[in-house]
There are 2 protein chains.
Amino acid sequence: MSEKTIPYKIYLEESEMPKAWYNVRADMKNKPAPLLDPKTHQPMTEKDLAPVFCDELIRQELDDKTAYIEIPEEIRNFYKMYRPSPLVRAYCLEEKLQTPAKIYYKFEGNNTSGSHKLNSAIAQAYYAKQQGLTGVTTETGAGQWGTALSMACSYFGLDCKVYMVKCSYEQKPFRREVMRTYGASVTPSPSLETEVGKKILAQFPGTTGSLGCAISEAVEKASATEGYRYVLGSVLNQVMLHQSVIGLETKIAMDKYDIKPDVIIGCAGGGSNLGGLISPFVGEMLRGENDYKIIAVEPASCPSLTRGKYAYDYCDTGMVCPLSKMYTLGSGYIPAPNHAGGLRYHGMNSTLSQLYEDGYMSAVSLPQTDVFEAAETFARVEGILPAPESSHAIKVAIDEAMKCKETGEEKTILFGLTGTGYFDMYAYEKFHNGVMENYVPTEEEIQKALAKLPQID
Amino acid sequence: MSEKTIPYKIYLEESEMPKAWYNVRADMKNKPAPLLDPKTHQPMTEKDLAPVFCDELIRQELDDKTAYIEIPEEIRNFYKMYRPSPLVRAYCLEEKLQTPAKIYYKFEGNNTSGSHKLNSAIAQAYYAKQQGLTGVTTETGAGQWGTALSMACSYFGLDCKVYMVKCSYEQKPFRREVMRTYGASVTPSPSLETEVGKKILAQFPGTTGSLGCAISEAVEKASATEGYRYVLGSVLNQVMLHQSVIGLETKIAMDKYDIKPDVIIGCAGGGSNLGGLISPFVGEMLRGENDYKIIAVEPASCPSLTRGKYAYDYCDTGMVCPLSKMYTLGSGYIPAPNHAGGLRYHGMNSTLSQLYEDGYMSAVSLPQTDVFEAAETFARVEGILPAPESSHAIKVAIDEAMKCKETGEEKTILFGLTGTGYFDMYAYEKFHNGVMENYVPTEEEIQKALAKLPQID
């Protein structure tokens with residue numbers, strides 16, 4: 001098909017939308033390592049996880065054999081409200097860069113949560129409802145996940161209790177109000193509502209909280225409340241499974257127009273968006289059918305893939321969650337302030353960690369001023385105001401396109417535009433005013449945090 | 001076609017998108033009254049308007065004969081970045097209301113300006129660029145228009161100078177930063193940059209500004225700056241012309257699925273969105289081909305159609321703009337604080353005013369707590385966080401659907417969802433906390449403002 005016929009935006013018909021998620025673990029020879037009990041260091045079973053997580057989600061978490069898992073009709077109906085998301089040909093960005101490269105992005109920001117998080121939130125809320133639960137708890141940092149879960153719970157009539165990292169709660173009151181609009185209760189963390197919160201507050205009275213601490217509170221609350229379970233928006237394999245809808249839609253749309261990406265780029269925090277986008281493409285690589293260059297992009301201030309260690313680690317500060325084998329900076333690592341709140345987690349999804357270990361993808365880290373510069377360039381020509389997280393992928397896409405300009409190669413570049421930056425204007429303001437700082441941890445700081453990793457045989 | 005086959009969202013193919021705007025005035029027997037010179041009270045000519053407005057836009061403003069005006073290819077290419085906007089079947093809202101009515105909405109919020117304003121902004125920036133101008137000035141209240149114009153100017157490489165009503169500038173710093181991201185310069189109004197601003201500040205030192213005052217400053221600045229013109233985001237007929245793309249897309253999508261709306265609802269401030277949505281439908285009414293029930297919805301605090309007078313009035317506080325015959329509350333009317341900033345203008349587009357006068361549409365006004373209640377109901381089931389302005393239309397759509405529930409009628413209801421509420425969370429917070437006030441002006445207040453209308457023979 002000639003290039004001229006490729007529209008600015010490719011939308012799938014409802015009938016073309018994926019009917020099953022793709023579980024990339026099924027095609028991996030080296031499976032990701034199992035979750036371990038934080039006390040016994042033995043692999044966690046369905047039964048071990050049942051007090052905290054929803055039953056069906058546990059099955060999905062532990063299933064590394066089934067390649068395709070059907071998306072229930074109720075979830076597909078909800079998806080229809082905001083999906084398919086558009087696959088956009090960045091004609092204007094290409095022209096601005098004067099590059100021979102062809103740039104595409106899958107835009108996940110066209111829903112009220114402002115990001116891809118809704119893809120998994122609705123699935124998790126659905127399975128909680130199916131199990132007859134009355135509510136769920138969770139944590140949120142930047143706020144996208146909390147918003148997405150609030151929307152999903154509102155749709156299915158579930159209670160939603162969100163522990164929001166205190167500094168975010170204070171700095172982003174509007175995020176909080178969006179969640180309240182969807183009927184969620186939002187508590188700044190650490191709080192006096194939980195034992196772990198009380199303990200942390202006693203130890204560090206002035207603390208503004210952390211994601212790891214909010215996770216511990218949400219887990220405790222779920223365990224202590226009848227009819228409640230805990231849900232998580234990233235890091236877990238079930239989340240990557242649900243997010244595969246991003247990659248599946250992208251693949252269907254590209255196949256329809258005979259487009260094959262040479263380079264696939266995604267920002268990486270806990271790994272949910274990157275994992276979702278690349279799943280079907282990596283599947284082809286694992287099965288030896290095709291080859292792609294895959295690049296994970298992380299902030300220089302929280303470089304788990306580029307400077308972390310592949311090891312078992314705690315997922316939360318309170319050390320109540322299972323141990324996961326992953327690229328990690330150590331659960332005690334506290335990233336310097338960075339405006340990409342969604343990329344400030346110390347570890348990486350275990351499946352992506354294994355794929356990275358096995359050479360299926362590469363990783364780079366970026367200082368945040370470079371990221372915001374790319375964000376502004378992109379906004380001005382493509383019209384979308386990108387989230388700081390997403391802008392990490394934009395920056396590398398631009399870099400790759402500029403390399404093509406030098407070499408004359410007509411590569412096809414695909415990146416994930418995970419969300420919008422409407423609630424991040426404080427960060428943009430700092431950038432405009434020239435007072436945004438770049439922080440890169442010293443090797444000593446990294447080693448100090450890594451030294452505290454648990455010793456697992 | 002059976003109802004089952006109607007998707008949640010109808011997207012047109014690029015090839016189906018309108019190639020011309022529709023100028024409803026061409027089909028009106030009673031044309032809207034001409035703009036008058038504020039000093040001589042004579043009809044304004046192209047030449048009179050040229051120092052302030054762009055040449056081609058003046059031609060469009062004065063042309064009440066040409067039914068279809070071609071959309072230049074450059075504008076159509078820009079439209080492709082965020083259009084066609086989806087026509088959404090509100091299946092979830094229908095189910096929530098348990099109504100036999102079929103509800104559709106045309107969603108214009110899927111672009112960074114957050115509203116339909118971009119449809120006209122890109123056209124106005126294009127014609128300014130074509131004329132060889134270097135920049136444009138404008139005013140903004142709620143901020144959608146300023147954002148849209150910043151985006152459009154950034155795309156065509158034009159300077160953009162925005163006078164932002166001071167209270168908005170202070171209350172919505174993030175709106176300001178979005179405009180700066182697109183390279184616009186933003187000045188709180190009234191300012192010391194203009195004579196009219198200085199005069200107003202001398203007279204009312206503590207004033208937080210008004211839209212009418214910001215217009216006067218922007219007009220003065222444009223007239224005084226070489227290579228600049230003034231552009232306006234609502235009220236004018238050229239804006240309604242550009243916004244007809246909303247109605248045209250809607251009509252094409254509905255015709256494709258054999259859907260005929262019985263009721264068409266839009267919120268009404270200056271009239272740009274309502275006018276755009278209803279244009280092709282009213283055209284059919286004017287030509288005697290079809291009949292629709294059209295409802296304009298305005299806030300009780302600024303009820304120009306429902307409680308104003310059809311008369312010539314000033315468009316701005318400084319009385320430098322042309323006089324327009326319109327439904328107005330008087331240019332001196334200061335609406336009480338209301339969170340639908342886009343609906344706080346004292347007058348209504350002259351074409352819509354004439355259509356209303358001639359009985360082609362009806363109007364209702366609403367207290368804002370009712371509006372926010374409808375907004376929340378809508379957000380929880382349809383997933384979109386609506387702007388306060390748009391929520392006026394939502395409330396009436398729900399009311400109409402509930403009437404159908406009583407009577408059993410299966411009416412088809414169409415409304416315009418003009419934008420998103422991401423920058424309006426302060427208003428939502430007030431609503432959640434039960435401290436939102438409703439203000440309805442007394443008859444005495446209305447009459448006092450109307451008494452100051454200019455006397456035109």
# chains A, B, ... in the order shown; residues from 1 in each chain; ligands from 1
$ interface_residues --of "chain B" --to "chain A" --cutoff "8 Å" --atoms "only C-alpha atoms" --output "PyMOL selection string"
chain B and resi 7-9+14+80-81+110-112+151+154-155+174+177-178+180-182+376+379-385+422-423+425-426+428-429+432
$ residues_around --residues "Leu323 (chain B)" --least-positions-apart "5" --cutoff "6 Å" --atoms "only C-alpha atoms" --output "list in words"
Leu35, Leu36, Pro38, Asp313 and Tyr314 of chain B
$ write_last_selection --atoms "N, CA and C atoms" --output "PDB file, in the first residue's frame"
ATOM      1  N   LEU B  35     -23.175  44.597  11.475  1.00  0.00           N
ATOM      2  CA  LEU B  35     -22.378  45.261  12.509  1.00  0.00           C
ATOM      3  C   LEU B  35     -22.408  46.767  12.231  1.00  0.00           C
ATOM      4  N   LEU B  36     -22.487  47.560  13.282  1.00  0.00           N
ATOM      5  CA  LEU B  36     -22.500  49.016  13.103  1.00  0.00           C
ATOM      6  C   LEU B  36     -21.242  49.649  13.698  1.00  0.00           C
ATOM      7  N   PRO B  38     -19.327  51.932  16.031  1.00  0.00           N
ATOM      8  CA  PRO B  38     -19.757  52.394  17.371  1.00  0.00           C
ATOM      9  C   PRO B  38     -19.911  53.916  17.447  1.00  0.00           C
ATOM     10  N   ASP B 313     -25.823  46.342  20.748  1.00  0.00           N
ATOM     11  CA  ASP B 313     -25.052  46.564  21.973  1.00  0.00           C
ATOM     12  C   ASP B 313     -23.563  46.521  21.649  1.00  0.00           C
ATOM     13  N   TYR B 314     -22.784  47.042  22.590  1.00  0.00           N
ATOM     14  CA  TYR B 314     -21.329  46.967  22.477  1.00  0.00           C
ATOM     15  C   TYR B 314     -20.857  45.542  22.768  1.00  0.00           C
TER      16      TYR B 314
END
$ closest_residue --among "A:Gly308, A:Pro205, A:Pro51, A:Gly275" --to "Lys221 (chain A)" --atoms "only C-alpha atoms"
A:Pro51
$ residues_around --residues "Met44 (chain A)" --least-positions-apart "3" --cutoff "12 Å" --atoms "only C-alpha atoms" --output "list in words"
Ala33, Pro34, Leu35, Leu36, Asp37, Pro38, Lys39, Thr40, His41, Lys47, Asp48, Leu49, Ala50, Ile58, Arg59, Glu61, Leu62, Cys321, Pro322, Leu323 and Ser324 of chain A
$ closest_residue --among "A:Pro32, A:Gly276, A:Pro18, A:Gly212" --to "Asp358 (chain A)" --atoms "only C-alpha atoms"
A:Pro32
$ residues_around --residues "Thr412 (chain B)" --least-positions-apart "6" --cutoff "12 Å" --atoms "only C-alpha atoms" --output "list in words"
Glu3, Arg89, Ala90, Glu94, Thr99, Pro100, Ala101, Lys102, Ile103, Tyr104, Tyr105, Met254, Asp258, Ile259, Lys260, Pro261, Asp262, Val263, Ile264, Ile265, Tyr292, Lys293, Ala397, Glu400, Ala401 and Cys404 of chain B
$ write_last_selection --atoms "N, CA and C atoms" --output "PDB file, in the first residue's frame"
ATOM      1  N   GLU B   3     -30.432  -1.100  15.268  1.00  0.00           N
ATOM      2  CA  GLU B   3     -29.752  -0.347  16.312  1.00  0.00           C
ATOM      3  C   GLU B   3     -28.480  -1.042  16.792  1.00  0.00           C
ATOM      4  N   ARG B  89     -22.387   7.299  21.097  1.00  0.00           N
ATOM      5  CA  ARG B  89     -23.686   6.842  21.572  1.00  0.00           C
ATOM      6  C   ARG B  89     -23.545   6.587  23.073  1.00  0.00           C
ATOM      7  N   ALA B  90     -24.326   7.307  23.869  1.00  0.00           N
ATOM      8  CA  ALA B  90     -24.182   7.254  25.328  1.00  0.00           C
ATOM      9  C   ALA B  90     -24.911   6.045  25.908  1.00  0.00           C
ATOM     10  N   GLU B  94     -27.625   6.002  29.000  1.00  0.00           N
ATOM     11  CA  GLU B  94     -29.003   5.521  28.764  1.00  0.00           C
ATOM     12  C   GLU B  94     -29.366   4.426  29.771  1.00  0.00           C
ATOM     13  N   THR B  99     -33.717   4.867  30.359  1.00  0.00           N
ATOM     14  CA  THR B  99     -34.601   5.622  29.464  1.00  0.00           C
ATOM     15  C   THR B  99     -34.708   4.934  28.109  1.00  0.00           C
ATOM     16  N   PRO B 100     -35.881   5.039  27.466  1.00  0.00           N
ATOM     17  CA  PRO B 100     -35.994   4.512  26.101  1.00  0.00           C
ATOM     18  C   PRO B 100     -35.362   5.455  25.072  1.00  0.00           C
ATOM     19  N   ALA B 101     -34.970   6.654  25.517  1.00  0.00           N
ATOM     20  CA  ALA B 101     -34.354   7.613  24.592  1.00  0.00           C
ATOM     21  C   ALA B 101     -32.992   7.115  24.154  1.00  0.00           C
ATOM     22  N   LYS B 102     -32.616   7.531  22.949  1.00  0.00           N
ATOM     23  CA  LYS B 102     -31.275   7.247  22.450  1.00  0.00           C
ATOM     24  C   LYS B 102     -30.484   8.545  22.523  1.00  0.00           C
ATOM     25  N   ILE B 103     -29.376   8.492  23.239  1.00  0.00           N
ATOM     26  CA  ILE B 103     -28.614   9.728  23.468  1.00  0.00           C
ATOM     27  C   ILE B 103     -27.282   9.672  22.723  1.00  0.00           C
ATOM     28  N   TYR B 104     -26.990  10.725  21.995  1.00  0.00           N
ATOM     29  CA  TYR B 104     -25.710  10.860  21.293  1.00  0.00           C
ATOM     30  C   TYR B 104     -25.051  12.158  21.705  1.00  0.00           C
ATOM     31  N   TYR B 105     -23.719  12.144  21.735  1.00  0.00           N
ATOM     32  CA  TYR B 105     -23.035  13.432  21.908  1.00  0.00           C
ATOM     33  C   TYR B 105     -21.822  13.512  21.006  1.00  0.00           C
ATOM     34  N   MET B 254     -24.433  10.772  11.325  1.00  0.00           N
ATOM     35  CA  MET B 254     -25.800  10.328  11.614  1.00  0.00           C
ATOM     36  C   MET B 254     -26.482   9.812  10.347  1.00  0.00           C
ATOM     37  N   ASP B 258     -28.388   6.327   9.384  1.00  0.00           N
ATOM     38  CA  ASP B 258     -29.833   6.585   9.349  1.00  0.00           C
ATOM     39  C   ASP B 258     -30.405   7.042  10.683  1.00  0.00           C
ATOM     40  N   ILE B 259     -29.671   7.893  11.354  1.00  0.00           N
ATOM     41  CA  ILE B 259     -30.137   8.412  12.637  1.00  0.00           C
ATOM     42  C   ILE B 259     -30.640   9.841  12.422  1.00  0.00           C
ATOM     43  N   LYS B 260     -31.833  10.139  12.947  1.00  0.00           N
ATOM     44  CA  LYS B 260     -32.323  11.509  12.880  1.00  0.00           C
ATOM     45  C   LYS B 260     -32.590  12.007  14.297  1.00  0.00           C
ATOM     46  N   PRO B 261     -31.875  13.067  14.702  1.00  0.00           N
ATOM     47  CA  PRO B 261     -32.120  13.556  16.067  1.00  0.00           C
ATOM     48  C   PRO B 261     -33.471  14.260  16.159  1.00  0.00           C
ATOM     49  N   ASP B 262     -34.195  14.016  17.261  1.00  0.00           N
ATOM     50  CA  ASP B 262     -35.435  14.761  17.504  1.00  0.00           C
ATOM     51  C   ASP B 262     -35.132  16.051  18.243  1.00  0.00           C
ATOM     52  N   VAL B 263     -34.173  15.958  19.170  1.00  0.00           N
ATOM     53  CA  VAL B 263     -33.826  17.110  20.007  1.00  0.00           C
ATOM     54  C   VAL B 263     -32.324  17.356  19.882  1.00  0.00           C
ATOM     55  N   ILE B 264     -31.936  18.616  19.713  1.00  0.00           N
ATOM     56  CA  ILE B 264     -30.513  18.972  19.628  1.00  0.00           C
ATOM     57  C   ILE B 264     -30.233  20.034  20.687  1.00  0.00           C
ATOM     58  N   ILE B 265     -29.222  19.761  21.521  1.00  0.00           N
ATOM     59  CA  ILE B 265     -28.986  20.596  22.698  1.00  0.00           C
ATOM     60  C   ILE B 265     -27.544  21.092  22.714  1.00  0.00           C
ATOM     61  N   TYR B 292     -36.513  20.026  13.695  1.00  0.00           N
ATOM     62  CA  TYR B 292     -35.804  19.585  14.896  1.00  0.00           C
ATOM     63  C   TYR B 292     -36.202  20.487  16.057  1.00  0.00           C
ATOM     64  N   LYS B 293     -36.126  19.931  17.255  1.00  0.00           N
ATOM     65  CA  LYS B 293     -36.307  20.772  18.445  1.00  0.00           C
ATOM     66  C   LYS B 293     -34.913  21.148  18.943  1.00  0.00           C
ATOM     67  N   ALA B 397     -29.969  17.330  28.425  1.00  0.00           N
ATOM     68  CA  ALA B 397     -30.102  16.035  27.739  1.00  0.00           C
ATOM     69  C   ALA B 397     -30.664  14.986  28.701  1.00  0.00           C
ATOM     70  N   GLU B 400     -34.356  15.690  29.242  1.00  0.00           N
ATOM     71  CA  GLU B 400     -35.161  15.247  28.092  1.00  0.00           C
ATOM     72  C   GLU B 400     -35.293  13.713  28.081  1.00  0.00           C
ATOM     73  N   ALA B 401     -34.215  13.047  28.433  1.00  0.00           N
ATOM     74  CA  ALA B 401     -34.250  11.575  28.457  1.00  0.00           C
ATOM     75  C   ALA B 401     -35.182  11.073  29.551  1.00  0.00           C
ATOM     76  N   CYS B 404     -38.682  11.201  28.414  1.00  0.00           N
ATOM     77  CA  CYS B 404     -38.983  10.035  27.575  1.00  0.00           C
ATOM     78  C   CYS B 404     -39.300   8.816  28.434  1.00  0.00           C
TER      79      CYS B 404
END
$ atom_distance --atom1 "CA of Ile246 (chain A)" --atom2 "CA of His339 (chain A)"
24.4 Å
$ select_by_dssp --residues "region 284-411 of chain A" --states "strand (DSSP E)" --output "PyMOL selection string"
chain A and resi 293-299+309-314+323-328+362-366
$ select_by_dssp --residues "region 66-213 of chain A" --states "helix (DSSP H, G or I)" --output "MDAnalysis selection string"
chainID A and resid 73:82 91:97 118:130 144:156 166:171 173:181 195:203 211:213
$ residues_around --residues "Leu453 (chain B)" --least-positions-apart "6" --cutoff "12 Å" --atoms "only C-alpha atoms" --output "list in words"
Gly308, Lys309, Tyr310, Ala311, Tyr312, Asp313, Tyr314, Cys315, Met319, Leu323, Ser324, Lys325, Met326, Tyr327, Thr328, Leu329, Gly330, Ser331, Gly332, Tyr333, His346, Gly347, Ile446 and Gln447 of chain B
$ atom_distance --atom1 "CA of His392 (chain A)" --atom2 "CA of Gly266 (chain A)"
7.8 Å
$ residues_around --residues "Ile200 (chain B)" --least-positions-apart "4" --cutoff "12 Å" --atoms "only C-alpha atoms" --output "number ranges by chain"
B: 189-196, 204-210, 212-214, 216-217, 317-318
$ write_last_selection --atoms "N, CA, C and O atoms" --output "short mmCIF file (atom, residue, chain, number, x, y, z; two decimals), in the first residue's frame"
data_model
loop_
_atom_site.label_atom_id
_atom_site.label_comp_id
_atom_site.auth_asym_id
_atom_site.auth_seq_id
_atom_site.Cartn_x
_atom_site.Cartn_y
_atom_site.Cartn_z
N SER B 189 -5.03 40.84 32.47
CA SER B 189 -5.77 42.04 32.08
C SER B 189 -6.74 42.44 33.19
O SER B 189 -7.40 41.58 33.76
N PRO B 190 -6.88 43.74 33.49
CA PRO B 190 -6.25 44.88 32.83
C PRO B 190 -4.76 45.01 33.14
O PRO B 190 -4.32 44.64 34.23
N SER B 191 -4.02 45.54 32.15
CA SER B 191 -2.58 45.69 32.29
C SER B 191 -2.19 47.14 32.05
O SER B 191 -3.01 47.97 31.64
N LEU B 192 -0.91 47.42 32.29
CA LEU B 192 -0.41 48.77 32.01
C LEU B 192 0.14 48.87 30.60
O LEU B 192 0.69 49.89 30.20
N GLU B 193 -0.06 47.82 29.81
CA GLU B 193 0.46 47.81 28.43
C GLU B 193 -0.39 48.61 27.45
O GLU B 193 0.05 48.90 26.35
N THR B 194 -1.63 48.87 27.83
CA THR B 194 -2.53 49.58 26.90
C THR B 194 -3.13 50.80 27.59
O THR B 194 -3.20 50.86 28.83
N GLU B 195 -3.59 51.74 26.78
CA GLU B 195 -4.23 52.93 27.33
C GLU B 195 -5.52 52.57 28.05
O GLU B 195 -5.80 53.06 29.13
N VAL B 196 -6.29 51.67 27.41
CA VAL B 196 -7.57 51.31 28.02
C VAL B 196 -7.33 50.56 29.33
O VAL B 196 -8.05 50.76 30.32
N PHE B 204 -10.47 51.67 38.67
CA PHE B 204 -10.77 50.56 39.60
C PHE B 204 -9.47 49.84 39.96
O PHE B 204 -9.17 48.78 39.41
N PRO B 205 -8.69 50.39 40.90
CA PRO B 205 -7.35 49.85 41.16
C PRO B 205 -7.34 48.36 41.53
O PRO B 205 -6.43 47.65 41.18
N GLY B 206 -8.36 47.89 42.19
CA GLY B 206 -8.33 46.50 42.65
C GLY B 206 -9.01 45.51 41.72
O GLY B 206 -9.16 44.35 42.04
N THR B 207 -9.41 45.96 40.53
CA THR B 207 -10.23 45.10 39.68
C THR B 207 -9.50 43.83 39.24
O THR B 207 -8.29 43.84 39.02
N THR B 208 -10.26 42.74 39.15
CA THR B 208 -9.67 41.49 38.67
C THR B 208 -10.01 41.25 37.21
O THR B 208 -9.82 40.16 36.69
N GLY B 209 -10.54 42.28 36.56
CA GLY B 209 -10.74 42.20 35.11
C GLY B 209 -12.05 41.58 34.68
O GLY B 209 -12.82 41.07 35.48
N SER B 210 -12.28 41.66 33.37
CA SER B 210 -13.47 41.06 32.77
C SER B 210 -13.14 40.78 31.31
O SER B 210 -12.18 41.30 30.76
N GLY B 212 -14.85 41.66 28.69
CA GLY B 212 -15.06 42.87 27.89
C GLY B 212 -13.86 43.79 27.94
O GLY B 212 -13.49 44.43 26.95
N CYS B 213 -13.21 43.86 29.08
CA CYS B 213 -12.03 44.71 29.24
C CYS B 213 -10.83 44.10 28.52
O CYS B 213 -10.06 44.80 27.86
N ALA B 214 -10.69 42.78 28.61
CA ALA B 214 -9.57 42.12 27.93
C ALA B 214 -9.70 42.26 26.41
O ALA B 214 -8.70 42.42 25.70
N SER B 216 -11.03 44.81 24.86
CA SER B 216 -10.61 46.18 24.54
C SER B 216 -9.09 46.29 24.49
O SER B 216 -8.52 46.93 23.60
N GLU B 217 -8.40 45.67 25.44
CA GLU B 217 -6.94 45.73 25.45
C GLU B 217 -6.35 45.04 24.21
O GLU B 217 -5.42 45.53 23.58
N THR B 317 -16.13 46.25 26.83
CA THR B 317 -16.27 47.28 27.86
C THR B 317 -15.79 48.64 27.36
O THR B 317 -16.38 49.67 27.66
N GLY B 318 -14.68 48.61 26.61
CA GLY B 318 -14.08 49.86 26.14
C GLY B 318 -14.86 50.51 25.00
O GLY B 318 -14.56 51.62 24.59
#
$ atom_distance --atom1 "CA of Thr140 (chain B)" --atom2 "CA of Ala218 (chain B)"
9.9 Å
$ residues_around --residues "Gly359 (chain A)" --least-positions-apart "6" --cutoff "12 Å" --atoms "only C-alpha atoms" --output "VMD selection string"
chain A and resid 30 282 285 to 286 292 to 295 352 to 353
$ write_last_selection --atoms "C-alpha atoms" --output "JSON list (two decimals), in the first residue's frame"
[["chain", "number", "residue", "atom", "x", "y", "z"],
["A", 30, "ASN", "CA", 13.42, -18.31, 30.28],
["A", 282, "VAL", "CA", 8.47, -9.47, 21.47],
["A", 285, "MET", "CA", 10.97, -12.23, 18.40],
["A", 286, "LEU", "CA", 10.66, -15.06, 20.93],
["A", 292, "TYR", "CA", 12.70, -5.40, 16.28],
["A", 293, "LYS", "CA", 14.92, -2.96, 18.12],
["A", 294, "ILE", "CA", 13.21, -2.26, 21.42],
["A", 295, "ILE", "CA", 14.27, 0.61, 23.69],
["A", 352, "LEU", "CA", 10.51, -7.19, 31.31],
["A", 353, "SER", "CA", 13.50, -7.69, 33.58]]
